[in-house]
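Shown below: start-v4.tsv, with TSV, C-alpha atoms.
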chain	number	residue	atom	x	y	z
A	95	MET	CA	-42.20	28.67	1.45
A	96	ILE	CA	-43.99	26.66	4.19
A	97	SER	CA	-43.75	22.99	5.09
A	98	ILE	CA	-46.83	21.85	7.01
A	99	ILE	CA	-46.22	18.84	9.26
A	100	ILE	CA	-49.09	16.78	10.65
A	101	CYS	CA	-49.07	13.69	12.84
A	102	SER	CA	-52.11	12.02	11.28
A	103	ARG	CA	-54.40	9.41	12.79
A	104	ASP	CA	-57.63	10.12	10.89
A	105	THR	CA	-57.77	10.00	7.10
A	106	ALA	CA	-61.04	11.95	6.94
A	107	ALA	CA	-59.69	14.74	9.14
A	108	LEU	CA	-56.48	14.83	7.11
A	109	ALA	CA	-58.42	15.14	3.85
A	110	ALA	CA	-60.53	17.98	5.27
A	111	VAL	CA	-57.59	19.99	6.60
A	112	SER	CA	-55.58	19.37	3.42
A	113	HIS	CA	-58.37	20.94	1.35
A	114	ASN	CA	-58.75	23.80	3.80
A	115	VAL	CA	-55.02	24.59	3.69
A	116	ALA	CA	-55.01	24.48	-0.11
A	117	VAL	CA	-57.70	27.16	-0.39
A	118	THR	CA	-56.49	29.43	2.42
A	119	ILE	CA	-52.69	29.41	2.72
A	120	GLY	CA	-52.01	31.61	-0.33
A	121	VAL	CA	-48.29	30.79	-0.68
A	122	PRO	CA	-46.23	27.84	-1.98
A	123	TYR	CA	-46.34	24.97	0.49
A	124	GLU	CA	-45.99	21.26	1.00
A	125	LEU	CA	-47.98	19.09	3.37
A	126	ILE	CA	-46.09	16.30	5.12
A	127	ALA	CA	-48.45	13.89	6.85
A	128	ILE	CA	-46.78	11.32	9.08
A	129	ASP	CA	-49.08	8.30	9.16
A	130	ASN	CA	-49.65	7.46	12.80
A	131	SER	CA	-52.87	5.49	12.33
A	132	GLN	CA	-51.38	2.56	14.24
A	133	GLY	CA	-50.06	4.74	17.04
A	134	GLN	CA	-46.48	3.79	16.28
A	135	TYR	CA	-45.10	7.28	16.93
A	136	GLY	CA	-45.25	9.78	19.73
A	137	ILE	CA	-45.93	13.26	18.45
A	138	CYS	CA	-42.35	14.43	19.09
A	139	GLU	CA	-40.96	11.61	16.96
A	140	ALA	CA	-43.54	12.23	14.23
A	141	TYR	CA	-42.82	15.97	14.13
A	142	ASN	CA	-39.06	15.48	14.04
A	143	LYS	CA	-39.47	12.88	11.31
A	144	GLY	CA	-41.63	15.25	9.27
A	145	ALA	CA	-39.39	18.27	9.79
A	146	ALA	CA	-36.37	16.27	8.62
A	147	GLN	CA	-38.19	15.71	5.29
A	148	ALA	CA	-39.21	19.35	4.83
A	149	CYS	CA	-38.14	21.25	1.72
A	150	TYR	CA	-39.01	24.76	2.91
A	151	ASP	CA	-37.45	27.02	5.54
A	152	LEU	CA	-40.69	27.74	7.41
A	153	LEU	CA	-42.16	24.86	9.39
A	154	CYS	CA	-45.76	24.67	10.56
A	155	PHE	CA	-46.53	21.89	13.07
A	156	MET	CA	-50.26	21.44	13.50
A	157	HIS	CA	-53.11	19.17	14.45
A	158	GLU	CA	-55.34	17.73	11.75
A	159	ASP	CA	-58.58	18.72	13.52
A	160	VAL	CA	-58.33	22.41	12.62
A	161	ALA	CA	-59.60	24.76	9.92
A	162	PHE	CA	-58.22	28.14	8.84
A	163	HIS	CA	-60.54	31.13	8.45
A	164	THR	CA	-57.90	33.69	7.43
A	165	PRO	CA	-57.16	33.98	3.70
A	166	ASN	CA	-53.48	34.10	2.72
A	167	TRP	CA	-52.39	33.18	6.22
A	168	GLY	CA	-49.11	31.77	4.89
A	169	ALA	CA	-47.92	35.27	4.01
A	170	ILE	CA	-48.67	36.41	7.56
A	171	VAL	CA	-46.57	33.57	8.97
A	172	ALA	CA	-43.71	34.42	6.62
A	173	GLU	CA	-43.86	38.11	7.58
A	174	ILE	CA	-43.77	37.42	11.33
A	175	LEU	CA	-40.99	34.82	11.15
A	176	ALA	CA	-38.89	37.12	8.96
A	177	ASP	CA	-38.12	38.83	12.28
A	178	LYS	CA	-35.15	36.78	13.47
A	179	THR	CA	-35.91	37.59	17.10
A	180	VAL	CA	-39.10	35.50	16.88
A	181	GLY	CA	-38.59	31.77	17.29
A	182	VAL	CA	-42.13	30.37	17.63
A	183	ILE	CA	-45.61	31.65	16.88
A	184	GLY	CA	-49.01	30.20	17.75
A	185	VAL	CA	-52.59	31.33	18.30
A	186	ALA	CA	-53.02	30.49	22.00
A	187	GLY	CA	-50.61	30.67	24.89
A	188	SER	CA	-49.67	32.23	28.21
A	189	LYS	CA	-47.27	34.90	29.38
A	190	TYR	CA	-46.21	32.93	32.48
A	191	GLN	CA	-45.30	29.33	33.28
A	192	LEU	CA	-45.51	28.20	36.89
A	193	ARG	CA	-42.96	26.14	38.80
A	194	VAL	CA	-45.61	23.58	39.79
A	195	PRO	CA	-46.94	20.96	37.32
A	196	SER	CA	-49.46	22.71	35.09
A	197	GLY	CA	-50.56	23.34	31.54
A	198	TRP	CA	-49.82	26.63	29.79
A	199	TRP	CA	-53.35	27.88	30.60
A	200	ALA	CA	-53.02	27.65	34.40
A	201	VAL	CA	-52.53	31.39	35.04
A	202	TYR	CA	-55.86	32.52	33.59
A	203	GLU	CA	-55.22	36.26	33.76
A	204	HIS	CA	-52.09	35.95	31.64
A	205	THR	CA	-53.46	33.73	28.85
A	206	ARG	CA	-53.55	35.21	25.35
A	207	MET	CA	-55.46	33.68	22.44
A	208	GLN	CA	-57.73	33.93	19.44
A	209	VAL	CA	-59.26	30.55	18.59
A	210	ILE	CA	-62.67	29.27	17.55
A	211	GLN	CA	-63.47	26.21	19.67
A	212	THR	CA	-65.94	23.67	18.33
A	213	THR	CA	-66.77	20.20	19.65
A	214	ALA	CA	-69.73	17.84	19.54
A	215	THR	CA	-70.64	18.71	23.14
A	216	TYR	CA	-69.53	22.37	23.22
A	217	PRO	CA	-71.33	25.23	21.49
A	218	ARG	CA	-69.15	26.86	18.83
A	219	ARG	CA	-67.49	29.93	20.30
A	220	LEU	CA	-64.73	32.41	19.60
A	221	ASP	CA	-62.24	32.64	22.47
A	222	VAL	CA	-60.33	35.92	22.37
A	223	VAL	CA	-58.05	37.25	25.10
A	224	ASN	CA	-56.21	40.31	23.82
A	225	PRO	CA	-56.54	43.10	26.40
A	226	LEU	CA	-54.02	45.41	24.71
A	227	LYS	CA	-55.51	44.91	21.20
A	228	GLU	CA	-52.16	43.76	19.82
A	229	ASP	CA	-51.35	42.00	16.56
A	230	LEU	CA	-48.52	40.04	18.21
A	231	THR	CA	-48.02	39.27	21.91
A	232	ASP	CA	-44.87	37.92	23.55
A	233	VAL	CA	-45.65	34.89	25.71
A	234	ALA	CA	-43.86	32.08	27.54
A	235	ALA	CA	-45.40	29.24	25.53
A	236	VAL	CA	-48.05	28.48	22.91
A	237	ASP	CA	-50.45	25.61	22.44
A	238	GLY	CA	-49.48	22.87	20.00
A	239	LEU	CA	-52.70	22.95	17.99
A	240	TRP	CA	-50.68	25.17	15.61
A	241	LEU	CA	-47.12	26.36	16.06
A	242	CYS	CA	-44.67	27.65	13.48
A	243	SER	CA	-40.89	28.09	13.47
A	244	ARG	CA	-38.08	28.60	11.03
A	245	ARG	CA	-36.22	25.43	10.09
A	246	GLU	CA	-33.05	26.73	11.76
A	247	VAL	CA	-34.93	27.06	15.06
A	248	TRP	CA	-36.24	23.51	14.90
A	249	GLN	CA	-32.79	22.21	14.00
A	250	GLN	CA	-31.39	23.70	17.18
A	251	TYR	CA	-34.32	22.92	19.50
A	252	GLN	CA	-35.87	19.69	18.26
A	253	PHE	CA	-38.83	18.03	19.95
A	254	ASP	CA	-37.73	15.91	22.91
A	255	GLU	CA	-38.72	12.36	21.96
A	256	LYS	CA	-37.07	10.79	24.99
A	257	THR	CA	-38.70	12.84	27.75
A	258	PHE	CA	-42.09	13.12	26.03
A	259	PRO	CA	-42.76	9.85	24.17
A	260	ALA	CA	-46.56	10.29	24.01
A	261	PHE	CA	-48.75	13.26	23.01
A	262	HIS	CA	-48.52	15.87	25.74
A	263	PHE	CA	-46.21	18.73	26.75
A	264	TYR	CA	-44.23	18.53	23.50
A	265	ASP	CA	-45.40	22.08	22.73
A	266	LEU	CA	-44.62	23.52	26.15
A	267	ASP	CA	-41.20	21.84	26.16
A	268	TYR	CA	-40.36	23.09	22.66
A	269	CYS	CA	-41.36	26.63	23.57
A	270	THR	CA	-39.37	26.48	26.82
A	271	GLN	CA	-36.24	25.57	24.86
A	272	VAL	CA	-36.78	28.39	22.40
A	273	PHE	CA	-37.77	30.94	25.04
A	274	GLN	CA	-34.29	30.84	26.55
A	275	HIS	CA	-32.93	32.44	23.35
A	276	LEU	CA	-35.74	33.78	21.13
A	277	ARG	CA	-39.22	35.23	21.39
A	278	VAL	CA	-42.32	33.05	21.61
A	279	CYS	CA	-45.44	34.87	20.38
A	280	VAL	CA	-49.19	34.63	19.90
A	281	THR	CA	-50.48	36.17	16.69
A	282	TYR	CA	-54.03	37.53	16.38
A	283	ARG	CA	-53.82	37.85	12.60
A	284	VAL	CA	-54.50	34.16	11.92
A	285	LEU	CA	-57.91	32.77	12.90
A	286	ILE	CA	-58.09	29.00	13.38
A	287	GLU	CA	-61.00	26.80	14.35
A	288	HIS	CA	-60.10	23.86	16.58
A	289	PHE	CA	-62.43	20.88	16.78
A	290	SER	CA	-61.18	19.66	20.14
A	291	THR	CA	-60.65	20.96	23.67
A	292	GLY	CA	-58.13	18.33	24.78
A	293	SER	CA	-58.27	16.29	27.98
A	294	ILE	CA	-56.28	15.53	31.11
A	295	ASN	CA	-55.48	11.83	31.39
A	296	ASN	CA	-52.74	9.65	32.88
A	297	ASN	CA	-50.31	10.45	30.05
A	298	TRP	CA	-50.90	14.18	30.53
A	299	LEU	CA	-50.23	13.93	34.27
A	300	LEU	CA	-47.02	11.96	33.76
A	301	ALA	CA	-45.84	14.37	31.06
A	302	ALA	CA	-46.51	17.31	33.40
A	303	LEU	CA	-44.28	15.73	36.04
A	304	ASN	CA	-41.59	15.01	33.43
A	305	TYR	CA	-41.71	18.61	32.22
A	306	GLN	CA	-41.43	20.01	35.73
A	307	HIS	CA	-38.48	17.74	36.49
A	308	LYS	CA	-36.66	18.62	33.26
A	309	TRP	CA	-37.04	22.40	33.65
A	310	ARG	CA	-37.01	22.71	37.46
A	311	GLN	CA	-33.96	25.02	37.33
A	312	GLN	CA	-35.66	27.42	34.86
A	313	LEU	CA	-39.16	27.48	36.38
A	314	PRO	CA	-40.99	29.75	36.80
A	315	PHE	CA	-40.46	32.02	33.78
A	316	GLY	CA	-42.39	34.34	31.55
A	317	THR	CA	-42.76	37.76	30.00
A	318	VAL	CA	-44.46	39.25	33.07
A	319	GLU	CA	-43.63	39.47	36.76
A	320	ILE	CA	-46.15	38.13	39.28
A	321	PRO	CA	-45.79	39.50	42.85
A	322	GLY	CA	-44.63	36.93	45.38
A	323	LEU	CA	-47.81	36.53	47.41
A	324	GLN	CA	-50.04	36.39	44.34
A	325	ARG	CA	-47.71	33.86	42.70
A	326	ARG	CA	-47.72	31.63	45.79
A	327	GLN	CA	-51.51	31.72	45.93
A	328	ILE	CA	-51.75	30.74	42.27
A	329	GLU	CA	-49.20	27.96	42.73
A	330	GLN	CA	-51.11	26.63	45.74
A	331	ARG	CA	-54.34	26.51	43.76
A	332	VAL	CA	-52.80	24.91	40.67
A	333	ALA	CA	-50.70	22.42	42.66
A	334	ALA	CA	-53.76	21.35	44.62
A	335	GLU	CA	-55.76	20.87	41.41
A	336	PHE	CA	-52.95	18.83	39.89
A	337	THR	CA	-52.50	16.69	42.99
A	338	ASN	CA	-56.23	16.03	43.18
A	339	ASN	CA	-56.18	14.90	39.53
A	340	VAL	CA	-53.32	12.53	40.35
A	341	ILE	CA	-55.14	11.14	43.39
A	342	GLN	CA	-58.31	10.56	41.36
A	343	SER	CA	-56.37	8.88	38.56
A	344	ASP	CA	-55.27	5.26	38.44
A	345	LEU	CA	-51.58	6.14	38.38
A	346	SER	CA	-49.30	4.07	40.56
A	347	PHE	CA	-49.12	4.56	44.31
A	348	SER	CA	-45.54	5.85	44.06
A	349	VAL	CA	-46.43	8.55	41.50
A	350	ALA	CA	-49.46	9.70	43.48
A	351	LEU	CA	-47.50	9.75	46.74
A	352	LYS	CA	-44.66	11.76	45.18
A	353	ALA	CA	-47.10	14.36	43.82
A	354	LEU	CA	-48.71	14.65	47.24
A	355	LEU	CA	-45.37	14.98	49.05
A	356	ASP	CA	-44.21	17.63	46.57
A	357	LEU	CA	-47.36	19.61	47.24
A	358	LEU	CA	-46.84	19.44	51.01
A	359	ALA	CA	-43.12	20.27	50.73
A	360	ASN	CA	-43.70	23.38	48.61
A	361	ASN	CA	-46.88	24.68	50.22
A	362	SER	CA	-48.27	25.23	53.69
A	363	LEU	CA	-50.12	22.41	55.46
A	364	ASN	CA	-53.50	24.14	55.23
A	365	ARG	CA	-57.03	22.73	55.36
A	366	GLU	CA	-57.19	22.18	51.59
A	367	ASN	CA	-53.94	20.22	51.56
A	368	LEU	CA	-55.03	18.15	54.56
A	369	GLY	CA	-58.20	17.37	52.63
A	370	LEU	CA	-56.08	16.06	49.76
A	371	VAL	CA	-54.12	13.88	52.18
A	372	LYS	CA	-57.39	12.49	53.52
A	373	ARG	CA	-58.73	11.74	50.02
A	374	PHE	CA	-55.46	10.08	49.08
A	375	LEU	CA	-55.48	7.81	52.13
A	376	LEU	CA	-59.16	6.93	51.79
A	377	LYS	CA	-58.79	6.02	48.15
A	378	ARG	CA	-55.73	3.87	48.73
A	379	ILE	CA	-57.41	2.10	51.67
A	380	PHE	CA	-60.47	1.48	49.48
A	381	LEU	CA	-58.35	0.12	46.63
A	382	GLN	CA	-56.42	-2.14	49.01
A	383	ASN	CA	-59.64	-3.50	50.50
A	384	THR	CA	-61.28	-4.16	47.13
A	385	SER	CA	-58.21	-5.94	45.78
A	386	SER	CA	-57.73	-8.20	48.82

Step by step, read the file and then write its structure as structure tokens.
Amino acid sequence: MISIIICSRDTAALAAVSHNVAVTIGVPYELIAIDNSQGQYGICEAYNKGAAQACYDLLCFMHEDVAFHTPNWGAIVAEILADKTVGVIGVAGSKYQLRVPSGWWAVYEHTRMQVIQTTATYPRRLDVVNPLKEDLTDVAAVDGLWLCSRREVWQQYQFDEKTFPAFHFYDLDYCTQVFQHLRVCVTYRVLIEHFSTGSINNNWLLAALNYQHKWRQQLPFGTVEIPGLQRRQIEQRVAAEFTNNVIQSDLSFSVALKALLDLLANNSLNRENLGLVKRFLLKRIFLQNTSS
């Protein structure tokens, strides 16, 4: 019934999630673990490789650092995906995707989720955002910690290995493809614990720029409308945060300059943006002086 596909880099984590799936899924399944212990694959390539081997018609792409707390969750997945209008389901996502470089979580008020977050430095907590008390919410995109599709959906909208060769934005890109034709949804009927909160690094920043460039004609999009002024204020905040992350990173001068120019071209030259320009120039002057 369900083919579970994991891009695996940790044998202990894989063993733990394999046992957890066996005692919770409640339906016939297979687990396809693509060995990526040497880092030879990007996650898009690994997922496409695994999906091509799958025997079942329901595909579950997921991280290995998760644990399921819902018994018989496989039957819930099968029930939801039996609706042919639904193309992707997950447990965390957002109803709106901005036109500026950003993760799915950028518009806080439109995020929807039910996930237990646990890390070594974070207290274990249940994150639930479900203001309408729904079982299933239509969103723009879901997080890749766990996303499920029918095989026919994946066959038509495969993961983009060329544009996203590393480990970021594969989920947002996949959902964006599917969203043009089918529903993308968050389910609250499956409870998953995730042992990671993710991080923003150079690869994430580059993938964000690649995603924005690829989908610039479709952005923004979503299942809600955000009034013009409110949307512009959100975009200004998120674009400034992104640009500041680029400036503070060790990405190349050309990438940092392009991000800064995009911010200035799409937003007003206010005090916050001028502050970013100042930080950019000071950092580059400092780097030039220390390298000479």

(message) Nearest residue to Gln306 of chain A out of A:Val194, A:Val117, A:Ile183, A:Ile128, using all atoms listed in the file?
(response)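 Result for the nearest residue to Gln306 of chain A: A:Val194.
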
(message) At a cut-off of 9 Å, using only C-alpha atoms, what residues contact Phe315 of chain A? Leave out same-chain residues fewer than 6 positions from it and give the result as a ChimeraX atom specification.
(response) /A:189-193,234,270

(message) Taking (-50.2, 3.4, 14.4) as a centre in this file's frame and 12 Å as the limit, can you find every polymer residue with an atom that close, using only C-alpha atoms, and give them as a PyMOL selection string?
(response) chain A and resi 101-104+128-137+140

(request) Pick out the residues sitting within 12 Å of Gln249 of chain A, and hand them over as a ChimeraX atom specification; count all atoms listed in the file, and ignore anything fewer than 2 positions along from it in its own chain. (result) /A:141-143,145-146,148,151-153,181,243-247,251-254,268,271-272

(message) Could you check the closest approach to Glu329 of chain A for each of A:Ala200, A:Arg219, A:Ala106, A:Asn295 and tell me which residue wins, using all atoms listed in the file?
(response)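 Counting all atoms listed in the file, the residue closest to Glu329 of chain A is A:Ala200.
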